[in-house]
Amino acid sequence: MAYSDKVLDHYENPRNVGSLDKNDPNVGTGMVGAPACGDVMKLMIKVNDSGIIEDAKFKTYGCGSAIASSSLVTEWLKGKTVDEAYAIKNSAIAEELALPPVKIHCSVLAEDAIKAAVADIKAKQLAVKVAA
Amino acid sequence: MSAFFSNQVYLDHNSTTALKTEVFEAMLPFMANQHGNPTSRHSFGRIARAAVEHAREQVAAAVGAYANQIVFTASGTEANNFAVHGICSNLDKGQILTSAIEHPCVSRPALAMQANGYKAHSIKVDNDCNINLAHLQKLLLAPTDLVAAMLVNNETGVIQDIAKIAEIARERKAYVHTDAVQALGKIPVDFFALGVHAMTVSSHKIGGPLGAGALVLDKRIDIQPLLYGGGQEKGLRSGTENVAAIVGFGVACDLATKNLSAFDVHTANLRDQLEIGLAKLKAVIFGYNGLRVANTSFFSFKDIEGETLVTALDKAGFAVASGSACSSDSDKPSHVLLAMGVDEDLARGAVRVSFGMSNTQEQVQHFLTALEKELNRLRNLTSIAA
Amino acid sequence: MSDREPIYLDYSATTPVDPRVAAKMIPYLTEHYGNPASRSHPFGWTAEKAVENARDEVAKLVGADPREIVWTSGATESNNLAIKGAANFYASTKGKHIITIATEHKAVIDAVRELERQGFTATYLEPEPDGLIDLAKFKAAIQPDTVLASVMLVNNEIGVIQDIEAIGKICRENNIIFHVDAAQATGKVKIDLENLPVDLMSFCAHKTYGPKGIGALYVRRKPRIRIEAQMHGGGHERGMRSGTLATHQIVGMGEAFRIAREEMATESERIRMLRDRLLAGLQGIEETYVNGDLEHRVPHNLNISFNYVEGESLIMAIKDIAVSSGSACTSASLEPSYVLRALGRSDELAHSSIRFSIGRFTTEADVDYTIELLKNKVSKLRELSPLWDMFKDGIDISKVQWAAH
């Protein structure tokens with residue numbers, strides 16, 4: 001399978017690999033996929049008090065396109081509001097990386113990971129509010 | 001490339017052809033370091049895949065089709081079997097019509113389908129080897145799955161009006177297959193203009209290697225594979241691609257198209273020279289009144305028996321055929337000649353000369369001289385015996 | 001790194017043509033171009049003689065009579081011809097049930113599936129976790145109307161060797177036609193058809209340093225096995241398989257099999273040493289699993305799963321070596337290898353499997369380079385892998401509830 005230069009670049013030099021402190025109330029975690037399907041993405045975002053994503057980290061078990069998709073979104077997320085992040089569409093990821101049709105599901109997974117991470121941070125913040 | 005038997009003149013190009021130098025050179029890398037399996041995803045595999053796809057473009061261009069209509073097979077025989085079996089198996093059990101002059105690899109699969117409940121019938125030809133369209137129309141009154149008619153007959157070289165046959169068959173909702181193995185490289189072959197649903201071509205008849213053929217398919221028809229397995233050729237023909245042979249086939253197709261008119265002019269001159277000589281020797285030339293490809297002459301002599309002439313010509317240094325190579329083994333006279341109404345004794349003595357680019361006027365002259373000598377000798381023998 | 005030729009460790013997908021084989025083939029491309037079926041001139045005779053010499057060589061490697069060898073275009077055609085040909089011929093007398101193994105090559109599985117569409121029934125026997133067949137289970141699968149069994153000698157993905165002799169005996173006792181796909185076996189294990197209770201056996205050249213596009217089917221003469229032709233025409237190969245024979249390819253297969261016969265013993269020893277070296281090196285990596293039995297296995301094959309690393313990304317990381325994940329024929333799909341799944345491997349282990357196949361031109365330096373490369377890349381990908389983190393944290397991944405995707 002021919003990978004685009006952008007996929008290769010992200011795959012060979014993945015950005016923002018790692019984890020954030022999952023117990024930090026400002027950190028949201030999204031873990032999507034399943035080992036049985038051949039890909040699992042863990043995306044963590046750190047949101048400051050004005051709702052801006054300050055940091056994003058990922059770890060991905062999956063093919064080159066899955067790794068590139070998650071690496072790319074960590075770059076995109078930084079500086080965005082959670083709502084802006086929530087609006088990111090898989091088609092934009094697929095287009096940026098020139099994913100072939102059989103790899104579109106990787107971009108879908110990345111979008112799901114963002115949504116899961118945003119949902120997690122919102123739930124955490126809600127819990128903080130309720131507790132307060 | 002030169003023939004190994006330097007004293008033997010090769011006049012059997014309809015049986016198989018010498019590999020062209022350019023073809024050999026294109027194939028060589030794929031017999032050495034470019035050894036990948038096209039299905040493999042690593043670089044070895046990708047190089048092999050690219051070579052196969054390039055060859056597919058070349059074959060498609062030579063037959064006036066799109067690359068995605070080409071299914072590579074191991075031979076013309078396989079492509080013909082695939083067409084007859086594959087097309088009919090997905091249809092209601094109707095009849096399969098094959099012309100009386102088809103190669104056995106078209107007619108026998110049709111006969112074999114009778115065991116599965118299909119009916120096989122033969123379409124008559126006239127004395128000049130033309131398919132009898134009135135007979136075809138009559139046969140088509142019964143529900144018909146497939147009409148198979150070859151574009152050029154391997155023995156006589158007679159060209160059929162396939163476009164007309166396809167039109168007639170399509171009116172009766174029958175599918176049409178044409179075996180164009182003997183046509184490619186000799187006359188223009190245009191899949192769309194012929195109006196057929198499937199067409200067979202083969203590599204080794206056009207200066208390509210043995211081991212590659214193709215079925216050109218109308219993408220709208222639903223065809224059942226002959227070989228199941230790894231799902232190569234979009235699932236239509238499983239089995240690791242014969243990369244070197246396919247690459248050679250592609251280049252041979254390019255060359256055949258490029259050299260088409262040169263081939264026609266060159267072999268037409270040789271055949272005219274031959275047939276002028278044959279007329280003087282009182283030969284009967286089969287299909288003479290039909291429209292023929294330029295390189296083929298099929299003839300016999302009323303007073304000369306059986307295979308003796310072919311054997312004598314071989315001893316004199318000329319490689320010719322006695323009917324099609326595939327049936328050379330049997331004593332039966334050519335089914336093509338019998339279908340044309342040629343009497344059995346005359347048919348049994350038939351000699352086929354088929355020219356290629358390497359043949360010369362000098363060779364034809366020598367052939368005629370040798371032929372005359374052998375005829376005289378054989379005629380004397382018979383007259384003494386009588 | 002990328003300016004070097006990749007190291008070829010995919011000999012089970014296809015082998016390079018041995019230069020000695022190519023040298024033998026070339027004259028039949030350039031000079032002796034006769035059609036072996038042409039009986040009327042020496043161009044045809046020379047070709048025919050070469051074809052018959054090659055037939056002798058193929059027969060010799062496997063202990064058969066040359067008259068038992070039928071040429072085909074490759075193992076796929078041999079398998080299709082054997083399975084469809086025998087099943088159709090014997091259906092009316094023996095019955096319409098077929099036994100095969102879930103880990104067979106697709107050419108066997110899909111030929112059997114086609115027969116199912118025609119009204120046959122089939123049992124796809126699951127092998128044991130080591131890839132081998134339990135003979136008792138094989139026996140239990142036999143039905144009164146079982147006509148044919150098809151079992152491969154050497155598996156293409158995991159290299160395990162089935163006990164063909166024992167399975168063949170069971171077939172004989174039960175009057176079942178026995179077909180063996182030996183495409184991956186020639187030149188790797190000794191085959192003696194004179195003594196093996198096998199009725200039909202498929203071969204191909206391009207897995208044994210011969211050319212692509214040529215194979216053969218062994219059809220036993222005593223007791224005589226009949227098959228229905230699948231390809232009709234000029235009546236070549238005693239009517240069992242029509243079609244002009246590709247002389248140069250047949251010559252290539254003959255020469256490849258001759259070399260295999262003469263060099264198999266020494267070559268296997270050398271390859272075993274390389275395999276042991278590779279295995280020792282890779283087992284130095286944590287959480288690696290060898291797929292398939294190591295004892296009953298050709299030394300040419302090493303199939304290993306690198307847990308917590310996804311297979312495709314691993315292949316991408318090790319593009320300096322040419323290997324395959326799953327069999328070459330199924331590489332285009334995203335499904336994990338059906339062979340490994342049939343062994344009961346979890347999906348993630350199946351996904352992270354790499355097949356290394358070693359061959360005639362593999363060197364010790366190739367093996368050492370491969371070990372180092374794997375060590376580096378597996379560790380890099382595990383740093384990226386959330387599953388590796390979970391494993392290190394002591395979480396049992398099989399117990400995690402994964403969101404459906």
# chains A, B, ... in the order shown; residues from 1 in each chain; ligands from 1

$ closest_atom_pairs --of "chain C" --to "chain A" --cutoff "8 Å" --atoms "only C-alpha atoms" --output "JSON lines"
{"residue": "C:Tyr308", "atom": "CA", "partner": "A:Tyr61", "partner_atom": "CA", "distance": 7.2}
{"residue": "C:Val309", "atom": "CA", "partner": "A:Tyr61", "partner_atom": "CA", "distance": 6.4}
{"residue": "C:Glu310", "atom": "CA", "partner": "A:Gly62", "partner_atom": "CA", "distance": 5.1}
{"residue": "C:Gly311", "atom": "CA", "partner": "A:Cys63", "partner_atom": "CA", "distance": 7.3}
{"residue": "C:Glu312", "atom": "CA", "partner": "A:Cys63", "partner_atom": "CA", "distance": 5.1}
{"residue": "C:Ser313", "atom": "CA", "partner": "A:Cys63", "partner_atom": "CA", "distance": 4.3}
{"residue": "C:Leu314", "atom": "CA", "partner": "A:Cys63", "partner_atom": "CA", "distance": 7.9}
{"residue": "C:Met316", "atom": "CA", "partner": "A:Gly64", "partner_atom": "CA", "distance": 7.1}
{"residue": "C:Ser346", "atom": "CA", "partner": "A:Ala36", "partner_atom": "CA", "distance": 7.6}
{"residue": "C:Asp347", "atom": "CA", "partner": "A:Ala36", "partner_atom": "CA", "distance": 4.8}
{"residue": "C:Glu348", "atom": "CA", "partner": "A:Pro35", "partner_atom": "CA", "distance": 5.4}
{"residue": "C:His351", "atom": "CA", "partner": "A:Gly38", "partner_atom": "CA", "distance": 6.4}
{"residue": "C:Leu381", "atom": "CA", "partner": "A:Tyr61", "partner_atom": "CA", "distance": 7.9}
{"residue": "C:Glu383", "atom": "CA", "partner": "A:Lys59", "partner_atom": "CA", "distance": 7.9}
{"residue": "C:Leu384", "atom": "CA", "partner": "A:Lys59", "partner_atom": "CA", "distance": 4.9}
{"residue": "C:Ser385", "atom": "CA", "partner": "A:Tyr61", "partner_atom": "CA", "distance": 4.7}
{"residue": "C:Pro386", "atom": "CA", "partner": "A:Lys59", "partner_atom": "CA", "distance": 5.3}
{"residue": "C:Leu387", "atom": "CA", "partner": "A:Tyr61", "partner_atom": "CA", "distance": 6.9}
{"residue": "C:Trp402", "atom": "CA", "partner": "A:Ala34", "partner_atom": "CA", "distance": 5.5}
{"residue": "C:Ala403", "atom": "CA", "partner": "A:Gly33", "partner_atom": "CA", "distance": 6.4}
{"residue": "C:Ala404", "atom": "CA", "partner": "A:Gly33", "partner_atom": "CA", "distance": 7.1}
{"residue": "C:His405", "atom": "CA", "partner": "A:Gly33", "partner_atom": "CA", "distance": 5.7}

$ write_last_selection --atoms "N, CA and C atoms" --output "PDB file, in the first residue's frame"
ATOM      1  N   TYR C 308       1.170  -6.522  21.501  1.00  0.00           N
ATOM      2  CA  TYR C 308       0.956  -5.083  21.739  1.00  0.00           C
ATOM      3  C   TYR C 308       1.520  -4.194  20.634  1.00  0.00           C
ATOM      4  N   VAL C 309       1.890  -4.800  19.516  1.00  0.00           N
ATOM      5  CA  VAL C 309       2.328  -4.012  18.365  1.00  0.00           C
ATOM      6  C   VAL C 309       1.437  -4.425  17.198  1.00  0.00           C
ATOM      7  N   GLU C 310       0.926  -3.463  16.485  1.00  0.00           N
ATOM      8  CA  GLU C 310       0.030  -3.800  15.378  1.00  0.00           C
ATOM      9  C   GLU C 310       0.872  -4.190  14.163  1.00  0.00           C
ATOM     10  N   GLY C 311       0.431  -5.249  13.499  1.00  0.00           N
ATOM     11  CA  GLY C 311       1.234  -5.858  12.441  1.00  0.00           C
ATOM     12  C   GLY C 311       1.574  -4.948  11.282  1.00  0.00           C
ATOM     13  N   GLU C 312       0.574  -4.213  10.804  1.00  0.00           N
ATOM     14  CA  GLU C 312       0.814  -3.399   9.618  1.00  0.00           C
ATOM     15  C   GLU C 312       1.813  -2.280   9.912  1.00  0.00           C
ATOM     16  N   SER C 313       1.685  -1.688  11.103  1.00  0.00           N
ATOM     17  CA  SER C 313       2.627  -0.617  11.438  1.00  0.00           C
ATOM     18  C   SER C 313       4.026  -1.196  11.616  1.00  0.00           C
ATOM     19  N   LEU C 314       4.078  -2.440  12.066  1.00  0.00           N
ATOM     20  CA  LEU C 314       5.379  -3.083  12.235  1.00  0.00           C
ATOM     21  C   LEU C 314       6.021  -3.333  10.865  1.00  0.00           C
ATOM     22  N   MET C 316       5.523  -1.668   8.278  1.00  0.00           N
ATOM     23  CA  MET C 316       5.925  -0.365   7.753  1.00  0.00           C
ATOM     24  C   MET C 316       7.249   0.070   8.385  1.00  0.00           C
ATOM     25  N   SER C 346      -5.445 -14.950  19.724  1.00  0.00           N
ATOM     26  CA  SER C 346      -6.314 -13.792  19.867  1.00  0.00           C
ATOM     27  C   SER C 346      -6.129 -12.907  18.638  1.00  0.00           C
ATOM     28  N   ASP C 347      -7.135 -12.072  18.379  1.00  0.00           N
ATOM     29  CA  ASP C 347      -7.047 -11.197  17.221  1.00  0.00           C
ATOM     30  C   ASP C 347      -5.812 -10.316  17.271  1.00  0.00           C
ATOM     31  N   GLU C 348      -5.504  -9.808  18.488  1.00  0.00           N
ATOM     32  CA  GLU C 348      -4.370  -8.882  18.515  1.00  0.00           C
ATOM     33  C   GLU C 348      -3.045  -9.596  18.277  1.00  0.00           C
ATOM     34  N   HIS C 351      -2.968 -10.155  14.594  1.00  0.00           N
ATOM     35  CA  HIS C 351      -2.645  -8.901  13.908  1.00  0.00           C
ATOM     36  C   HIS C 351      -1.154  -8.575  13.962  1.00  0.00           C
ATOM     37  N   LEU C 381       7.581   1.120  18.666  1.00  0.00           N
ATOM     38  CA  LEU C 381       6.126   1.044  18.512  1.00  0.00           C
ATOM     39  C   LEU C 381       5.442   0.774  19.847  1.00  0.00           C
ATOM     40  N   GLU C 383       6.467   1.959  22.639  1.00  0.00           N
ATOM     41  CA  GLU C 383       6.395   3.262  23.307  1.00  0.00           C
ATOM     42  C   GLU C 383       5.161   4.021  22.872  1.00  0.00           C
ATOM     43  N   LEU C 384       4.746   3.756  21.660  1.00  0.00           N
ATOM     44  CA  LEU C 384       3.555   4.419  21.115  1.00  0.00           C
ATOM     45  C   LEU C 384       2.263   3.717  21.508  1.00  0.00           C
ATOM     46  N   SER C 385       2.369   2.503  22.036  1.00  0.00           N
ATOM     47  CA  SER C 385       1.177   1.660  22.156  1.00  0.00           C
ATOM     48  C   SER C 385       0.493   1.799  23.513  1.00  0.00           C
ATOM     49  N   PRO C 386      -0.760   2.195  23.526  1.00  0.00           N
ATOM     50  CA  PRO C 386      -1.487   2.266  24.803  1.00  0.00           C
ATOM     51  C   PRO C 386      -1.656   0.874  25.421  1.00  0.00           C
ATOM     52  N   LEU C 387      -1.661  -0.137  24.584  1.00  0.00           N
ATOM     53  CA  LEU C 387      -1.836  -1.496  25.102  1.00  0.00           C
ATOM     54  C   LEU C 387      -0.608  -1.937  25.888  1.00  0.00           C
ATOM     55  N   TRP C 402     -14.103  -3.254  25.536  1.00  0.00           N
ATOM     56  CA  TRP C 402     -13.770  -2.300  24.478  1.00  0.00           C
ATOM     57  C   TRP C 402     -15.049  -1.813  23.815  1.00  0.00           C
ATOM     58  N   ALA C 403     -15.061  -0.510  23.557  1.00  0.00           N
ATOM     59  CA  ALA C 403     -16.221   0.054  22.872  1.00  0.00           C
ATOM     60  C   ALA C 403     -16.286  -0.569  21.481  1.00  0.00           C
ATOM     61  N   ALA C 404     -17.490  -0.886  21.079  1.00  0.00           N
ATOM     62  CA  ALA C 404     -17.646  -1.426  19.718  1.00  0.00           C
ATOM     63  C   ALA C 404     -17.223  -0.362  18.718  1.00  0.00           C
ATOM     64  N   HIS C 405     -16.599  -0.787  17.672  1.00  0.00           N
ATOM     65  CA  HIS C 405     -16.106   0.194  16.702  1.00  0.00           C
ATOM     66  C   HIS C 405     -16.512  -0.232  15.303  1.00  0.00           C
TER      67      HIS C 405
END

$ residues_around --residues "Ile315 in chain C" --least-positions-apart "2" --cutoff "10 Å" --atoms "only C-alpha atoms" --output "PDB file with C-alpha atoms, in the first residue's frame"
ATOM      1  CA  CYS A  63      -1.428   0.874  11.408  1.00  0.00           C
ATOM      2  CA  GLY A  64       0.650   3.743  10.040  1.00  0.00           C
TER       3      GLY A  64
ATOM      4  CA  ARG B  41       3.175  -5.330  -0.151  1.00  0.00           C
ATOM      5  CA  HIS B  42       6.898  -4.869   0.227  1.00  0.00           C
TER       6      HIS B  42
ATOM      7  CA  GLU C 310       0.030  -3.800  15.378  1.00  0.00           C
ATOM      8  CA  GLY C 311       1.234  -5.858  12.441  1.00  0.00           C
ATOM      9  CA  GLU C 312       0.814  -3.399   9.618  1.00  0.00           C
ATOM     10  CA  SER C 313       2.627  -0.617  11.438  1.00  0.00           C
ATOM     11  CA  ALA C 317       8.621   0.127  10.359  1.00  0.00           C
ATOM     12  CA  ILE C 318      10.723  -2.706   9.020  1.00  0.00           C
ATOM     13  CA  LYS C 319      10.508  -1.875   5.355  1.00  0.00           C
ATOM     14  CA  ASP C 320      14.217  -2.591   4.994  1.00  0.00           C
ATOM     15  CA  ILE C 321      13.294  -6.229   5.172  1.00  0.00           C
ATOM     16  CA  ALA C 322      10.692  -7.828   2.937  1.00  0.00           C
ATOM     17  CA  VAL C 323       8.451 -10.028   5.066  1.00  0.00           C
ATOM     18  CA  SER C 324       4.758 -10.676   5.174  1.00  0.00           C
ATOM     19  CA  SER C 325       2.010 -10.491   7.726  1.00  0.00           C
ATOM     20  CA  SER C 352       0.889  -8.555  15.223  1.00  0.00           C
ATOM     21  CA  SER C 353       2.295 -11.612  13.502  1.00  0.00           C
ATOM     22  CA  ILE C 354       5.169 -11.503  11.070  1.00  0.00           C
ATOM     23  CA  LEU C 374      13.110  -5.753  15.027  1.00  0.00           C
ATOM     24  CA  LYS C 377      11.246  -0.955  15.930  1.00  0.00           C
TER      25      LYS C 377
END

$ interface_residues --of "chain B" --to "chain C" --cutoff "6 Å" --atoms "only C-alpha atoms" --output "PyMOL selection string"
chain B and resi 3-4+16+18+35+37+39-40+42+77+104-105+108-109+210-211+228-230+239+242+314+319+325-326+328

$ select_by_dssp --residues "range 146-178 of chain C" --states "alpha helix (DSSP H)" --output "list of chain:residue names"
C:Ile164, C:Glu165, C:Ala166, C:Ile167, C:Gly168, C:Lys169, C:Ile170, C:Cys171, C:Arg172, C:Glu173

$ atom_distance --atom1 "CA of Ala123 in chain A" --atom2 "CA of Trp76 in chain A"
22.3 Å

$ residues_around --residues "Val181 in chain B" --least-positions-apart "6" --cutoff "8 Å" --atoms "only C-alpha atoms" --output "list in words"
Gly76, Val152, Thr200, Val201, Ser202 and Lys205 of chain B

$ atom_distance --atom1 "CA of Asp161 in chain B" --atom2 "CA of Val176 in chain B"
12.7 Å

$ atom_distance --atom1 "CA of Ala205 in chain C" --atom2 "CA of Ile259 in chain C"
11.8 Å

$ select_by_dssp --residues "chain A" --states "strand (DSSP E)" --output "number ranges by chain"
A: 27-34, 39-47, 53-61

$ write_last_selection --atoms "N, CA and C atoms" --output "JSON list (two decimals), in the first residue's frame"
[["chain", "number", "residue", "atom", "x", "y", "z"],
["A", 27, "VAL", "N", -7.57, 17.31, 32.69],
["A", 27, "VAL", "CA", -7.16, 16.40, 31.62],
["A", 27, "VAL", "C", -8.33, 15.47, 31.25],
["A", 28, "GLY", "N", -8.63, 15.44, 29.96],
["A", 28, "GLY", "CA", -9.67, 14.53, 29.46],
["A", 28, "GLY", "C", -9.01, 13.42, 28.65],
["A", 29, "THR", "N", -9.53, 12.21, 28.82],
["A", 29, "THR", "CA", -8.94, 11.06, 28.12],
["A", 29, "THR", "C", -10.00, 10.42, 27.23],
["A", 30, "GLY", "N", -9.60, 10.13, 26.01],
["A", 30, "GLY", "CA", -10.48, 9.37, 25.12],
["A", 30, "GLY", "C", -9.74, 8.13, 24.66],
["A", 31, "MET", "N", -10.31, 6.98, 24.92],
["A", 31, "MET", "CA", -9.70, 5.73, 24.44],
["A", 31, "MET", "C", -10.73, 5.04, 23.57],
["A", 32, "VAL", "N", -10.40, 4.88, 22.31],
["A", 32, "VAL", "CA", -11.36, 4.29, 21.38],
["A", 32, "VAL", "C", -10.71, 3.15, 20.60],
["A", 33, "GLY", "N", -11.57, 2.37, 19.96],
["A", 33, "GLY", "CA", -11.07, 1.24, 19.18],
["A", 33, "GLY", "C", -11.00, -0.01, 20.03],
["A", 34, "ALA", "N", -10.50, -1.06, 19.47],
["A", 34, "ALA", "CA", -10.38, -2.32, 20.18],
["A", 34, "ALA", "C", -9.22, -3.11, 19.58],
["A", 39, "ASP", "N", -6.87, -1.60, 15.97],
["A", 39, "ASP", "CA", -6.42, -0.27, 16.40],
["A", 39, "ASP", "C", -7.08, 0.21, 17.68],
["A", 40, "VAL", "N", -6.25, 0.80, 18.52],
["A", 40, "VAL", "CA", -6.69, 1.43, 19.77],
["A", 40, "VAL", "C", -6.00, 2.77, 19.85],
["A", 41, "MET", "N", -6.78, 3.82, 20.06],
["A", 41, "MET", "CA", -6.20, 5.16, 20.19],
["A", 41, "MET", "C", -6.50, 5.69, 21.57],
["A", 42, "LYS", "N", -5.46, 6.24, 22.20],
["A", 42, "LYS", "CA", -5.68, 6.92, 23.47],
["A", 42, "LYS", "C", -5.25, 8.37, 23.27],
["A", 43, "LEU", "N", -6.19, 9.27, 23.44],
["A", 43, "LEU", "CA", -5.91, 10.70, 23.25],
["A", 43, "LEU", "C", -6.16, 11.41, 24.57],
["A", 44, "MET", "N", -5.20, 12.24, 25.00],
["A", 44, "MET", "CA", -5.39, 13.00, 26.24],
["A", 44, "MET", "C", -5.23, 14.49, 25.94],
["A", 45, "ILE", "N", -6.17, 15.26, 26.47],
["A", 45, "ILE", "CA", -6.08, 16.71, 26.26],
["A", 45, "ILE", "C", -6.09, 17.42, 27.61],
["A", 46, "LYS", "N", -5.32, 18.51, 27.66],
["A", 46, "LYS", "CA", -5.32, 19.31, 28.89],
["A", 46, "LYS", "C", -5.95, 20.65, 28.54],
["A", 47, "VAL", "N", -7.01, 20.99, 29.30],
["A", 47, "VAL", "CA", -7.79, 22.18, 28.98],
["A", 47, "VAL", "C", -7.59, 23.21, 30.09],
["A", 53, "ILE", "N", -7.53, 24.21, 24.68],
["A", 53, "ILE", "CA", -6.69, 23.00, 24.82],
["A", 53, "ILE", "C", -5.23, 23.44, 24.80],
["A", 54, "GLU", "N", -4.55, 23.21, 25.92],
["A", 54, "GLU", "CA", -3.16, 23.64, 26.07],
["A", 54, "GLU", "C", -2.18, 22.58, 25.58],
["A", 55, "ASP", "N", -2.58, 21.36, 25.82],
["A", 55, "ASP", "CA", -1.65, 20.27, 25.48],
["A", 55, "ASP", "C", -2.47, 19.06, 25.03],
["A", 56, "ALA", "N", -1.85, 18.27, 24.18],
["A", 56, "ALA", "CA", -2.50, 17.04, 23.72],
["A", 56, "ALA", "C", -1.43, 15.98, 23.53],
["A", 57, "LYS", "N", -1.75, 14.80, 23.97],
["A", 57, "LYS", "CA", -0.79, 13.67, 23.83],
["A", 57, "LYS", "C", -1.56, 12.44, 23.33],
["A", 58, "PHE", "N", -0.84, 11.55, 22.67],
["A", 58, "PHE", "CA", -1.52, 10.34, 22.22],
["A", 58, "PHE", "C", -0.62, 9.13, 22.34],
["A", 59, "LYS", "N", -1.30, 8.01, 22.36],
["A", 59, "LYS", "CA", -0.62, 6.72, 22.13],
["A", 59, "LYS", "C", -1.56, 5.91, 21.25],
["A", 60, "THR", "N", -1.02, 5.27, 20.27],
["A", 60, "THR", "CA", -1.86, 4.51, 19.34],
["A", 60, "THR", "C", -1.24, 3.16, 19.02],
["A", 61, "TYR", "N", -2.14, 2.17, 19.11],
["A", 61, "TYR", "CA", -1.81, 0.84, 18.62],
["A", 61, "TYR", "C", -2.58, 0.72, 17.33]]

$ residues_around --residues "Asn153 in chain B" --least-positions-apart "3" --cutoff "10 Å" --atoms "only C-alpha atoms" --output "list in words"
Asn14, Ile101, Glu102, His103, Cys129, Asn130, Ala149, Met150, Thr156, Gly157, Val158, Ile159, Gln160, Asp179, Ala180, Val181, Gln182, Ala183, Gly287, Arg292, Val293, Thr296 and Val336 of chain B

$ write_last_selection --atoms "N, CA and C atoms" --output "tab-separated table (two decimals), in the first residue's frame"
chain	number	residue	atom	x	y	z
B	14	ASN	N	1.71	-19.88	-37.02
B	14	ASN	CA	0.39	-19.92	-36.37
B	14	ASN	C	0.39	-20.88	-35.18
B	101	ILE	N	-15.73	-24.51	-36.79
B	101	ILE	CA	-14.29	-24.42	-37.03
B	101	ILE	C	-13.54	-23.93	-35.80
B	102	GLU	N	-14.22	-23.89	-34.65
B	102	GLU	CA	-13.55	-23.42	-33.43
B	102	GLU	C	-12.40	-24.34	-33.04
B	103	HIS	N	-11.46	-23.77	-32.33
B	103	HIS	CA	-10.39	-24.55	-31.72
B	103	HIS	C	-11.06	-25.46	-30.67
B	129	CYS	N	-15.15	-21.45	-45.64
B	129	CYS	CA	-14.82	-21.32	-44.22
B	129	CYS	C	-15.50	-20.11	-43.57
B	130	ASN	N	-16.55	-19.58	-44.20
B	130	ASN	CA	-17.30	-18.49	-43.56
B	130	ASN	C	-18.45	-19.06	-42.75
B	149	ALA	N	-17.55	-17.66	-31.64
B	149	ALA	CA	-17.08	-17.71	-33.03
B	149	ALA	C	-15.70	-17.07	-33.09
B	150	MET	N	-14.76	-17.75	-33.69
B	150	MET	CA	-13.40	-17.22	-33.70
B	150	MET	C	-13.25	-16.12	-34.75
B	156	THR	N	-7.07	-22.10	-41.76
B	156	THR	CA	-7.23	-21.49	-43.09
B	156	THR	C	-6.85	-20.01	-43.08
B	157	GLY	N	-6.88	-19.38	-41.92
B	157	GLY	CA	-6.63	-17.94	-41.83
B	157	GLY	C	-7.83	-17.09	-42.21
B	158	VAL	N	-8.98	-17.72	-42.41
B	158	VAL	CA	-10.17	-16.96	-42.82
B	158	VAL	C	-10.71	-16.11	-41.66
B	159	ILE	N	-11.04	-14.87	-42.02
B	159	ILE	CA	-11.52	-13.89	-41.04
B	159	ILE	C	-13.05	-13.90	-41.04
B	160	GLN	N	-13.64	-14.01	-39.86
B	160	GLN	CA	-15.11	-13.99	-39.76
B	160	GLN	C	-15.63	-12.59	-39.52
B	179	ASP	N	-12.69	-15.90	-30.15
B	179	ASP	CA	-11.31	-16.30	-29.92
B	179	ASP	C	-10.47	-15.53	-30.95
B	180	ALA	N	-9.73	-14.54	-30.45
B	180	ALA	CA	-8.96	-13.67	-31.36
B	180	ALA	C	-7.48	-14.00	-31.33
B	181	VAL	N	-7.16	-15.21	-30.85
B	181	VAL	CA	-5.76	-15.61	-30.69
B	181	VAL	C	-4.99	-15.50	-32.00
B	182	GLN	N	-5.62	-15.91	-33.11
B	182	GLN	CA	-4.92	-15.88	-34.40
B	182	GLN	C	-5.09	-14.55	-35.11
B	183	ALA	N	-5.84	-13.65	-34.52
B	183	ALA	CA	-6.09	-12.36	-35.19
B	183	ALA	C	-5.11	-11.29	-34.74
B	287	GLY	N	-10.05	-22.08	-48.30
B	287	GLY	CA	-10.44	-20.74	-47.85
B	287	GLY	C	-9.97	-19.65	-48.79
B	292	ARG	N	-8.92	-13.58	-45.93
B	292	ARG	CA	-7.95	-14.27	-45.07
B	292	ARG	C	-6.93	-13.31	-44.48
B	293	VAL	N	-6.32	-13.69	-43.36
B	293	VAL	CA	-5.14	-12.97	-42.88
B	293	VAL	C	-4.01	-13.25	-43.87
B	296	THR	N	-1.22	-16.82	-43.88
B	296	THR	CA	-1.57	-18.25	-43.81
B	296	THR	C	-1.98	-18.82	-45.17
B	336	VAL	N	-11.76	-28.62	-39.30
B	336	VAL	CA	-12.08	-27.38	-40.03
B	336	VAL	C	-12.39	-27.72	-41.49

$ residues_around --residues "Asn132 in chain B" --least-positions-apart "2" --cutoff "12 Å" --atoms "only C-alpha atoms" --output "ChimeraX atom specification"
/B:98-101,122-130,134-139,149,160-162,164-165,168,339-340
